[in-house]
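A.B. asks: Structure file run_34.cif (mmCIF, C-alpha atoms) is given on the next line.
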data_model
loop_
_atom_site.group_PDB
_atom_site.id
_atom_site.type_symbol
_atom_site.label_atom_id
_atom_site.label_comp_id
_atom_site.auth_asym_id
_atom_site.auth_seq_id
_atom_site.Cartn_x
_atom_site.Cartn_y
_atom_site.Cartn_z
ATOM 1 C CA MET A 266 -16.375 -54.120 -2.757
ATOM 2 C CA THR A 267 -18.737 -51.185 -2.668
ATOM 3 C CA ASP A 268 -18.385 -50.905 1.099
ATOM 4 C CA ILE A 269 -14.579 -50.681 0.844
ATOM 5 C CA TRP A 270 -14.815 -47.803 -1.671
ATOM 6 C CA SER A 271 -17.377 -46.034 0.474
ATOM 7 C CA VAL A 272 -15.101 -46.271 3.497
ATOM 8 C CA ALA A 273 -12.091 -45.136 1.432
ATOM 9 C CA ARG A 274 -13.991 -42.135 0.033
ATOM 10 C CA ALA A 275 -15.241 -41.190 3.474
ATOM 11 C CA THR A 276 -11.709 -41.434 4.881
ATOM 12 C CA ILE A 277 -10.308 -39.277 2.077
ATOM 13 C CA LEU A 278 -13.028 -36.677 2.641
ATOM 14 C CA VAL A 279 -12.278 -36.563 6.371
ATOM 15 C CA VAL A 280 -8.534 -36.168 5.731
ATOM 16 C CA LEU A 281 -9.054 -33.428 3.121
ATOM 17 C CA SER A 282 -11.528 -31.589 5.337
ATOM 18 C CA SER A 283 -9.086 -31.734 8.236
ATOM 19 C CA LEU A 284 -6.279 -30.380 6.064
ATOM 20 C CA LEU A 285 -8.456 -27.508 4.889
ATOM 21 C CA LEU A 286 -9.339 -26.660 8.474
ATOM 22 C CA ILE A 287 -5.655 -26.600 9.404
ATOM 23 C CA ILE A 288 -4.252 -24.863 6.299
ATOM 24 C CA GLY A 289 -7.074 -22.380 5.699
ATOM 25 C CA PRO A 290 -6.761 -20.369 8.923
ATOM 26 C CA SER A 291 -2.952 -20.296 8.841
ATOM 27 C CA ARG A 292 -2.948 -18.920 5.296
ATOM 28 C CA ALA A 293 -5.605 -16.358 6.228
ATOM 29 C CA MET A 294 -3.543 -15.351 9.259
ATOM 30 C CA ALA A 295 -0.423 -14.874 7.095
ATOM 31 C CA GLN A 296 -2.479 -12.859 4.605
ATOM 32 C CA SER A 297 -3.822 -10.693 7.431
ATOM 33 C CA GLN A 298 -0.299 -10.118 8.793
ATOM 34 C CA ASP A 299 0.930 -9.150 5.321
ATOM 35 C CA GLU A 300 -2.022 -6.801 4.840
ATOM 36 C CA ASP A 301 -1.362 -5.194 8.233
ATOM 37 C CA ALA A 302 2.336 -4.783 7.384
ATOM 38 C CA ALA A 303 1.548 -3.237 3.979
ATOM 39 C CA LYS A 304 -0.992 -0.881 5.525
ATOM 40 C CA GLY A 305 1.495 0.051 8.254
ATOM 41 C CA LEU A 306 4.184 0.891 5.688
ATOM 42 C CA VAL A 307 1.774 3.106 3.729
ATOM 43 C CA GLU A 308 0.709 4.913 6.906
ATOM 44 C CA SER A 309 4.354 5.380 7.981
ATOM 45 C CA PHE A 310 5.184 6.796 4.557
ATOM 46 C CA LEU A 311 2.280 9.260 4.598
ATOM 47 C CA ILE A 312 3.157 10.430 8.118
ATOM 48 C CA ALA A 313 6.862 10.845 7.273
ATOM 49 C CA VAL A 314 6.153 12.805 4.077
ATOM 50 C CA GLY A 315 3.532 14.935 5.799
ATOM 51 C CA ASN A 316 5.942 15.809 8.605
ATOM 52 C CA GLY A 317 8.830 16.446 6.220
ATOM 53 C CA ASP A 318 10.842 13.568 7.707
ATOM 54 C CA LEU A 319 12.626 12.873 4.435
ATOM 55 C CA ASP A 320 15.416 10.872 6.078
ATOM 56 C CA ALA A 321 12.875 8.182 7.013
ATOM 57 C CA LEU A 322 11.875 7.555 3.396
ATOM 58 C CA PRO A 323 14.837 5.819 1.659
ATOM 59 C CA SER A 324 14.610 2.678 3.798
ATOM 60 C CA MET A 325 10.975 2.283 2.719
ATOM 61 C CA PHE A 326 11.815 1.963 -1.001
ATOM 62 C CA VAL A 327 13.683 -0.567 -3.146
ATOM 63 C CA SER A 328 16.433 0.757 -5.379
ATOM 64 C CA ASN A 329 15.090 2.072 -8.685
ATOM 65 C CA ALA A 330 11.591 2.586 -7.258
ATOM 66 C CA ASN A 331 9.429 5.118 -9.051
ATOM 67 C CA ILE A 332 6.895 7.803 -8.224
ATOM 68 C CA GLY A 333 4.003 8.794 -10.479
ATOM 69 C CA THR A 334 1.465 11.574 -10.109
ATOM 70 C CA ALA A 335 -1.624 12.860 -11.847
ATOM 71 C CA SER A 336 -2.907 16.127 -10.395
ATOM 72 C CA LEU A 337 -5.746 18.376 -11.457
ATOM 73 C CA ARG A 338 -4.411 21.957 -11.398
ATOM 74 C CA ASP A 339 -6.324 24.957 -12.702
ATOM 75 C CA GLY A 340 -8.639 22.703 -14.678
ATOM 76 C CA SER A 341 -5.869 20.753 -16.414
ATOM 77 C CA TRP A 342 -4.354 17.400 -15.596
ATOM 78 C CA VAL A 343 -0.619 17.400 -14.961
ATOM 79 C CA THR A 344 1.223 14.087 -14.848
ATOM 80 C CA SER A 345 4.769 13.260 -13.870
ATOM 81 C CA THR A 346 6.927 10.219 -13.332
ATOM 82 C CA MET A 347 10.367 10.042 -11.786
ATOM 83 C CA THR A 348 12.593 7.735 -9.850
ATOM 84 C CA PHE A 349 12.325 7.759 -6.088
ATOM 85 C CA ASP A 350 15.797 9.350 -5.882
ATOM 86 C CA GLU A 351 14.765 12.176 -8.247
ATOM 87 C CA TRP A 352 11.562 12.740 -6.280
ATOM 88 C CA LEU A 353 13.406 12.809 -2.958
ATOM 89 C CA ALA A 354 15.994 15.258 -4.343
ATOM 90 C CA THR A 355 13.151 17.526 -5.496
ATOM 91 C CA LEU A 356 11.642 17.471 -2.008
ATOM 92 C CA ARG A 357 15.014 18.206 -0.389
ATOM 93 C CA GLU A 358 15.479 21.247 -2.665
ATOM 94 C CA GLN A 359 12.335 22.918 -1.326
ATOM 95 C CA SER A 360 13.237 25.918 0.806
ATOM 96 C CA THR A 361 10.085 25.639 2.920
ATOM 97 C CA TRP A 362 7.971 22.671 3.875
ATOM 98 C CA THR A 363 4.219 22.736 4.276
ATOM 99 C CA ARG A 364 3.273 20.107 6.806
ATOM 100 C CA PHE A 365 0.177 18.109 5.991
ATOM 101 C CA ARG A 366 -1.830 15.114 7.109
ATOM 102 C CA GLU A 367 -3.197 12.486 4.756
ATOM 103 C CA PRO A 368 -5.493 10.198 6.726
ATOM 104 C CA VAL A 369 -6.726 7.226 4.727
ATOM 105 C CA SER A 370 -10.464 6.590 4.850
ATOM 106 C CA GLU A 371 -10.344 3.252 3.030
ATOM 107 C CA PHE A 372 -7.677 0.709 2.135
ATOM 108 C CA THR A 373 -7.930 -1.982 -0.520
ATOM 109 C CA ILE A 374 -5.068 -4.462 -0.209
ATOM 110 C CA HIS A 375 -4.191 -7.466 -2.356
ATOM 111 C CA VAL A 376 -1.270 -9.719 -1.389
ATOM 112 C CA GLU A 377 0.256 -12.446 -3.549
ATOM 113 C CA ASP A 378 2.125 -15.277 -1.836
ATOM 114 C CA SER A 379 3.577 -12.948 0.817
ATOM 115 C CA ARG A 380 5.894 -11.567 -1.894
ATOM 116 C CA MET A 381 4.034 -8.698 -3.537
ATOM 117 C CA ALA A 382 1.215 -6.419 -2.454
ATOM 118 C CA PHE A 383 -0.924 -3.844 -4.179
ATOM 119 C CA VAL A 384 -2.449 -1.147 -1.979
ATOM 120 C CA ARG A 385 -5.073 1.434 -2.902
ATOM 121 C CA ALA A 386 -5.521 4.167 -0.309
ATOM 122 C CA ASP A 387 -8.427 6.607 -0.511
ATOM 123 C CA ALA A 388 -7.328 9.697 1.415
ATOM 124 C CA THR A 389 -7.842 13.402 1.994
ATOM 125 C CA VAL A 390 -4.922 15.802 2.344
ATOM 126 C CA PHE A 391 -5.277 18.365 5.141
ATOM 127 C CA VAL A 392 -3.124 21.462 5.614
ATOM 128 C CA ASP A 393 -3.790 23.411 8.823
ATOM 129 C CA ASP A 394 -6.906 21.266 9.359
ATOM 130 C CA GLN A 395 -8.297 22.407 5.993
ATOM 131 C CA ALA A 396 -9.120 19.699 3.438
ATOM 132 C CA ARG A 397 -7.047 20.538 0.348
ATOM 133 C CA SER A 398 -7.281 17.545 -1.965
ATOM 134 C CA HIS A 399 -8.846 14.157 -2.373
ATOM 135 C CA ASN A 400 -6.142 11.637 -3.239
ATOM 136 C CA ILE A 401 -6.264 8.088 -4.447
ATOM 137 C CA ASP A 402 -2.837 6.621 -3.718
ATOM 138 C CA TYR A 403 -1.601 3.419 -5.326
ATOM 139 C CA PHE A 404 1.370 1.475 -3.994
ATOM 140 C CA THR A 405 3.099 -1.654 -5.239
ATOM 141 C CA LEU A 406 5.123 -3.326 -2.496
ATOM 142 C CA VAL A 407 7.579 -6.201 -2.650
ATOM 143 C CA ARG A 408 9.144 -8.201 0.128
ATOM 144 C CA GLU A 409 12.897 -7.612 0.098
ATOM 145 C CA ASP A 410 15.164 -9.249 2.682
ATOM 146 C CA GLY A 411 12.093 -10.093 4.765
ATOM 147 C CA ALA A 412 10.716 -6.527 4.826
ATOM 148 C CA TRP A 413 7.969 -4.891 2.787
ATOM 149 C CA LYS A 414 9.233 -2.013 0.614
ATOM 150 C CA PHE A 415 7.738 0.200 -2.057
ATOM 151 C CA LEU A 416 8.440 -0.675 -5.670
ATOM 152 C CA SER A 417 6.232 2.187 -6.825
ATOM 153 C CA ALA A 418 4.082 4.895 -5.326
ATOM 154 C CA SER A 419 1.635 6.966 -7.325
ATOM 155 C CA TYR A 420 -1.370 9.108 -6.744
ATOM 156 C CA VAL A 421 -4.208 11.001 -8.347
ATOM 157 C CA ALA A 422 -4.980 14.303 -6.607
ATOM 158 C CA LYS A 423 -8.090 16.426 -7.098
ATOM 159 C CA PRO A 424 -8.323 19.726 -5.232
ATOM 160 C CA ILE A 425 -11.215 20.271 -2.871
ATOM 161 C CA ALA A 426 -12.908 23.599 -3.466
ATOM 162 C CA SER A 427 -12.656 25.906 -0.468
ATOM 163 C CA ASP A 428 -15.745 27.724 0.726
#
Translate the structure of the given file into structure tokens.
C.D. replies:
Amino acid sequence: MTDIWSVARATILVVLSSLLLIIGPSRAMAQSQDEDAAKGLVESFLIAVGNGDLDALPSMFVSNANIGTASLRDGSWVTSTMTFDEWLATLREQSTWTRFREPVSEFTIHVEDSRMAFVRADATVFVDDQARSHNIDYFTLVREDGAWKFLSASYVAKPIASD
């Protein structure tokens, strides 16, 4: 009787190990693809905003998305929140546009079940190749109709002292 249970346990262990070897890599691959897609959307957003390509932005956001900011200005913190549509209208009202780059030095990405992602992007804003602010950007993304879109975008900006 003991030999039968030993064989049964060994068989179960082999089957479970095989399943883990099959399922583990495929889940990791899906996670990696989701992380790459989330990172790509963030980079596309930062490039579009930096170039003033405002027409590219609406397709990146779900309806009723929001934008939040916390910026250190003249020694005081200024915060704001608004809907994506309000934020976009504010940008469109600007008479001039200062182009900028916001390369990300480090991404932290968490994905849940290929449905929601949280992205933290540590970046520096450059205007005319001069570092202007250190930003920590936070994005919540959801998968809508098979595509990743922003549910919220927010950032903390601290100016970089010029020499």
A.B. asks: Residues picked by the PyMOL selection byres ((chain A and resi 320-325) around 7) here, as a tab-separated table (two decimals) with C-alpha atoms, in the frame of the given file?
C.D. replies:
chain	number	residue	atom	x	y	z
A	310	PHE	CA	5.18	6.80	4.56
A	313	ALA	CA	6.86	10.84	7.27
A	318	ASP	CA	10.84	13.57	7.71
A	319	LEU	CA	12.63	12.87	4.43
A	326	PHE	CA	11.82	1.96	-1.00
A	414	LYS	CA	9.23	-2.01	0.61
A	415	PHE	CA	7.74	0.20	-2.06
A.B. asks: Excluding Tyr420 of chain A and residues on its chain fewer than 6 positions from it, collect all residues at most 8 Å away from it, counting only C-alpha atoms, and give them as an MDAnalysis selection string.
C.D. replies: chainID A and resid 333:335 400:403
A.B. asks: Quick one: of A:Ala426, A:Ala354, A:Val327, A:Leu311, who's nearest to Asp339 of chain A, counting only C-alpha atoms?
C.D. replies: A:Ala426
A.B. asks: Taking 2 positions as the minimum chain separation for residues in the same chain, which residues sit within 7 Å of segment 357-368 of chain A when counting only C-alpha atoms? Answer as an mmCIF file with C-alpha atoms, in the frame of the given file.
C.D. replies:
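Output (around-v4.cif):
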data_model
loop_
_atom_site.group_PDB
_atom_site.id
_atom_site.type_symbol
_atom_site.label_atom_id
_atom_site.label_comp_id
_atom_site.auth_asym_id
_atom_site.auth_seq_id
_atom_site.Cartn_x
_atom_site.Cartn_y
_atom_site.Cartn_z
ATOM 1 C CA LEU A 311 2.280 9.260 4.598
ATOM 2 C CA ILE A 312 3.157 10.430 8.118
ATOM 3 C CA GLY A 315 3.532 14.935 5.799
ATOM 4 C CA ASN A 316 5.942 15.809 8.605
ATOM 5 C CA GLY A 317 8.830 16.446 6.220
ATOM 6 C CA LEU A 353 13.406 12.809 -2.958
ATOM 7 C CA ALA A 354 15.994 15.258 -4.343
ATOM 8 C CA THR A 355 13.151 17.526 -5.496
ATOM 9 C CA SER A 370 -10.464 6.590 4.850
ATOM 10 C CA ALA A 388 -7.328 9.697 1.415
ATOM 11 C CA THR A 389 -7.842 13.402 1.994
ATOM 12 C CA VAL A 390 -4.922 15.802 2.344
ATOM 13 C CA PHE A 391 -5.277 18.365 5.141
ATOM 14 C CA VAL A 392 -3.124 21.462 5.614
#
A.B. asks: Where does the PyMOL selection byres ((chain A and resi 423) around 8) land in this file, that is, which residues does it pick, as a VMD selection string?
C.D. replies: chain A and resid 336 to 338 398 to 400 421 to 422 424 to 425
A.B. asks: What would the file look like if the residues just selected were written as an mmCIF file, in the coordinates of the input with C-alpha atoms?
C.D. replies:
data_model
loop_
_atom_site.group_PDB
_atom_site.id
_atom_site.type_symbol
_atom_site.label_atom_id
_atom_site.label_comp_id
_atom_site.auth_asym_id
_atom_site.auth_seq_id
_atom_site.Cartn_x
_atom_site.Cartn_y
_atom_site.Cartn_z
ATOM 1 C CA SER A 336 -2.907 16.127 -10.395
ATOM 2 C CA LEU A 337 -5.746 18.376 -11.457
ATOM 3 C CA ARG A 338 -4.411 21.957 -11.398
ATOM 4 C CA SER A 398 -7.281 17.545 -1.965
ATOM 5 C CA HIS A 399 -8.846 14.157 -2.373
ATOM 6 C CA ASN A 400 -6.142 11.637 -3.239
ATOM 7 C CA VAL A 421 -4.208 11.001 -8.347
ATOM 8 C CA ALA A 422 -4.980 14.303 -6.607
ATOM 9 C CA PRO A 424 -8.323 19.726 -5.232
ATOM 10 C CA ILE A 425 -11.215 20.271 -2.871
#
A.B. asks: Tell me which of A:Thr373, A:Thr344, A:Ser379, A:Ser328 sits closest to Ser419 of chain A, counting all atoms listed in the file.
C.D. replies: A:Thr344
A.B. asks: In Å, rounded to a single decimal, give me how far atom CA of Ser341 of chain A is from atom CA of Val369 of chain A.
C.D. replies: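 Rounded to one decimal, the two atoms are 25.1 Å apart.
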A.B. asks: So, counting all atoms listed in the file, which residue among A:Ser427, A:Ser271, A:Thr346, A:Gln298 is closest to Ala396 of chain A?
C.D. replies: A:Ser427
A.B. asks: What does the structure give for the distance between atom CA of Ile277 of chain A and atom CA of Glu377 of chain A, in Å to one decimal?
C.D. replies: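 Pair atom CA of Ile277 of chain A / atom CA of Glu377 of chain A returns 29.4 Å.
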A.B. asks: Where atoms are missing, can you supply N, CA and C atoms for segment 310-321 of chain A and output the lot as a tab-separated table (two decimals), in the coordinates of the input?
C.D. replies:
chain	number	residue	atom	x	y	z
A	310	PHE	N	4.75	5.94	5.66
A	310	PHE	CA	5.18	6.80	4.56
A	310	PHE	C	4.42	8.12	4.55
A	311	LEU	N	3.09	8.04	4.65
A	311	LEU	CA	2.28	9.26	4.60
A	311	LEU	C	2.58	10.18	5.77
A	312	ILE	N	2.81	9.62	6.94
A	312	ILE	CA	3.16	10.43	8.12
A	312	ILE	C	4.53	11.08	7.92
A	313	ALA	N	5.51	10.30	7.46
A	313	ALA	CA	6.86	10.84	7.27
A	313	ALA	C	6.86	11.97	6.24
A	314	VAL	N	6.20	11.76	5.11
A	314	VAL	CA	6.15	12.80	4.08
A	314	VAL	C	5.42	14.03	4.61
A	315	GLY	N	4.30	13.82	5.27
A	315	GLY	CA	3.53	14.94	5.80
A	315	GLY	C	4.29	15.76	6.82
A	316	ASN	N	5.14	15.10	7.59
A	316	ASN	CA	5.94	15.81	8.60
A	316	ASN	C	7.27	16.33	8.05
A	317	GLY	N	7.56	16.02	6.80
A	317	GLY	CA	8.83	16.45	6.22
A	317	GLY	C	10.02	15.64	6.70
A	318	ASP	N	9.77	14.44	7.22
A	318	ASP	CA	10.84	13.57	7.71
A	318	ASP	C	11.41	12.78	6.52
A	319	LEU	N	12.14	13.47	5.68
A	319	LEU	CA	12.63	12.87	4.43
A	319	LEU	C	13.68	11.80	4.67
A	320	ASP	N	14.39	11.88	5.78
A	320	ASP	CA	15.42	10.87	6.08
A	320	ASP	C	14.81	9.50	6.37
A	321	ALA	N	13.53	9.46	6.72
A	321	ALA	CA	12.88	8.18	7.01
A	321	ALA	C	12.47	7.44	5.74
